[in-house]
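A.B. asks: Structure provided below as structure tokens; questions to follow.
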Amino acid sequence: MTTLSDFDFNLPPELIAQTALTQRSASRLLEVDTHQTTPHFIDRHFTDLLDCLSPGDLLVFNDTKVLNARLLGNKVSGGKVEVLIERVLSDRTALAQIRASKRPRPGSTLRLADAFDVTVEAYATSDEPDTPFHILHFPDDCHTLLERYGRLPLPPYITRAADTIDQTRYQTIYAAQPGAVAAPTAGLHFDKALMAQLDAHGIRRATLTLHVGAGTFQPVRTENLAEHRMHSEWYHVPPSLVEAIAETRAAGKKVIAVGTTSLRALEAAAQAAEKAGAPAGTLHAGSAATDIFITPGYRFRIVDRLVTNFHLPKSTLFMLVCAFAGSDTMRAAYQYAIEQRYRFFSYGDAMLLTCTSC
């Protein structure tokens, strides 16, 4: 039985990147070459990604945009609250986590940002029992109010408040669809110059949308992974992407997911197509929520290679990359990265992995 402890490792805290580099593509890239009997680790600059791909390969990006999802406020009684929007449900309704000394009751009112009131409509089922969700009713359009009064929700391992630089650097340059509360961080390394070079080299690009939820930061609390309940996230796979992947496959080229969020959306869509009776490896366009939990033993259907940052110990994302490239390989790669002082997590460096379980 695979357990939570199997995915633990010691990470020196000083390797957790607290700030973004001045230039997006100035980060490092660790290429993990698994074509040999023993995995080979190649130290690169992120701009070397161009040399690792072939004309006709397809990069799949997640074009979600991070909301200003953090709001500070007060109860009517005066008690302080912190609201983290998990998902916008409609123009004036959102699902949220609320941190307060005592859980607000349904029907109660919260004053947020000293600017507007929201009503706590009801409790909602949570993926994490210690962080229950609430449905909130806003007095006006949610996105408008969040854009004006909300704050950027940096990950909990960044131990400083968000500043004006984060407003730009914690978004990808191609972010287009508002709805995430965390960035698809593998995409943060791409700048306009690198995109132009990829285009000139004949590397194809396509996008999907997966709105990253706050659950991505929630720890796994059960040693038996079969008992873990994965958080749910909304995704959309457009017809143009389905067509691009089919063309890439037909040409014998590779599909490269930029980030674990792109990979999860593609694999979830492939699973959904199979459940609907489609042949294995088929992809259907559409939108859905996914709680796909990928651990070693999973057979990947769509993605050949993966660009990803370094992930937390015991996290579902570390489990995913172990499934993708092999547990022993990933443990060795992470140990190498620690020894070589790579920067970890959202503002850290990147890896390029090849699937060994496709």
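Identifiers for the structure tokens are assigned positionally: chains receive A, B, ... in sequence, residues are indexed from 1 per chain, and ligands are indexed from 1 in the order shown.
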May I have the residues within 10 Å of region 232-245 of chain A as a ChimeraX atom specification, using only C-alpha atoms and disregarding those fewer than 2 positions away in the same chain?
C.D. replies: /A:57-60,62,64,86-87,126-127,179-180,204-216,229-230,247-251,253-255,261-262,264-266,268-269,282-293,302-303
A.B. asks: List as JSON lines every residue of region 117-211 of chain A that is in contact with region 2-20 of chain A, defined as an atom at most 10 Å from one of its atoms (using only C-alpha atoms), together with the nearest atom pair and the distance in Å rounded to one decimal, sorted by chain and then rising number.
C.D. replies:
```
{"residue": "A:Pro155", "atom": "CA", "partner": "A:Gln18", "partner_atom": "CA", "distance": 10.0}
{"residue": "A:Tyr157", "atom": "CA", "partner": "A:Ile16", "partner_atom": "CA", "distance": 7.7}
{"residue": "A:Ile158", "atom": "CA", "partner": "A:Gln18", "partner_atom": "CA", "distance": 5.4}
{"residue": "A:Thr159", "atom": "CA", "partner": "A:Gln18", "partner_atom": "CA", "distance": 7.1}
{"residue": "A:Arg160", "atom": "CA", "partner": "A:Gln18", "partner_atom": "CA", "distance": 7.8}
{"residue": "A:Ala162", "atom": "CA", "partner": "A:Thr19", "partner_atom": "CA", "distance": 9.9}
{"residue": "A:Ile165", "atom": "CA", "partner": "A:Ala20", "partner_atom": "CA", "distance": 8.6}
{"residue": "A:Asp166", "atom": "CA", "partner": "A:Ala20", "partner_atom": "CA", "distance": 8.0}
{"residue": "A:Arg169", "atom": "CA", "partner": "A:Ala20", "partner_atom": "CA", "distance": 6.8}
{"residue": "A:Tyr170", "atom": "CA", "partner": "A:Ala20", "partner_atom": "CA", "distance": 8.3}
{"residue": "A:Leu188", "atom": "CA", "partner": "A:Ala20", "partner_atom": "CA", "distance": 9.3}
{"residue": "A:His189", "atom": "CA", "partner": "A:Ala20", "partner_atom": "CA", "distance": 9.8}
```
A.B. asks: As number ranges by chain, please: every residue in region 97-332 of chain A that a backbone DSSP assignment puts in helix (DSSP H, G or I).
C.D. replies: A: 142-149, 164-169, 185-189, 192-200, 214-217, 225-227, 239-250, 260-275, 316-325, 327-332
A.B. asks: Please build the interface table for region 168-236 of chain A against region 332-350 of chain A with a cut-off of 8 Å, listing for each qualifying residue the nearest atom pair and the distance in Å to one decimal; count only C-alpha atoms, order rows by chain and increasing number, and write it as CSV.
C.D. replies:
```
residue,atom,partner,partner_atom,distance
A:Ala183,CA,A:Ser346,CA,8.0
A:Thr185,CA,A:Ser346,CA,5.4
A:Ala186,CA,A:Ala350,CA,6.9
A:Leu188,CA,A:Tyr347,CA,8.0
```
A.B. asks: Pick out the residues sitting within 12 Å of Gln167 (chain A), and hand them over as an NGL selection string; count only C-alpha atoms, and ignore anything fewer than 3 positions along from it in its own chain.
C.D. replies: :A and (20 or 65-68 or 147 or 150-154 or 161-164 or 170-173 or 183)
A.B. asks: Hey, can you check how far CA of Gly252 (chain A) sits from CA of Ala280 (chain A)?
C.D. replies: 17.4 Å
A.B. asks: Which residue gives the smallest distance to Leu146 (chain A) among A:His45, A:Arg92, A:Arg103, A:Arg299, with only C-alpha atoms counted?
C.D. replies: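 Nearest candidate to Leu146 (chain A) out of A:His45, A:Arg92, A:Arg103, A:Arg299: A:Arg92.
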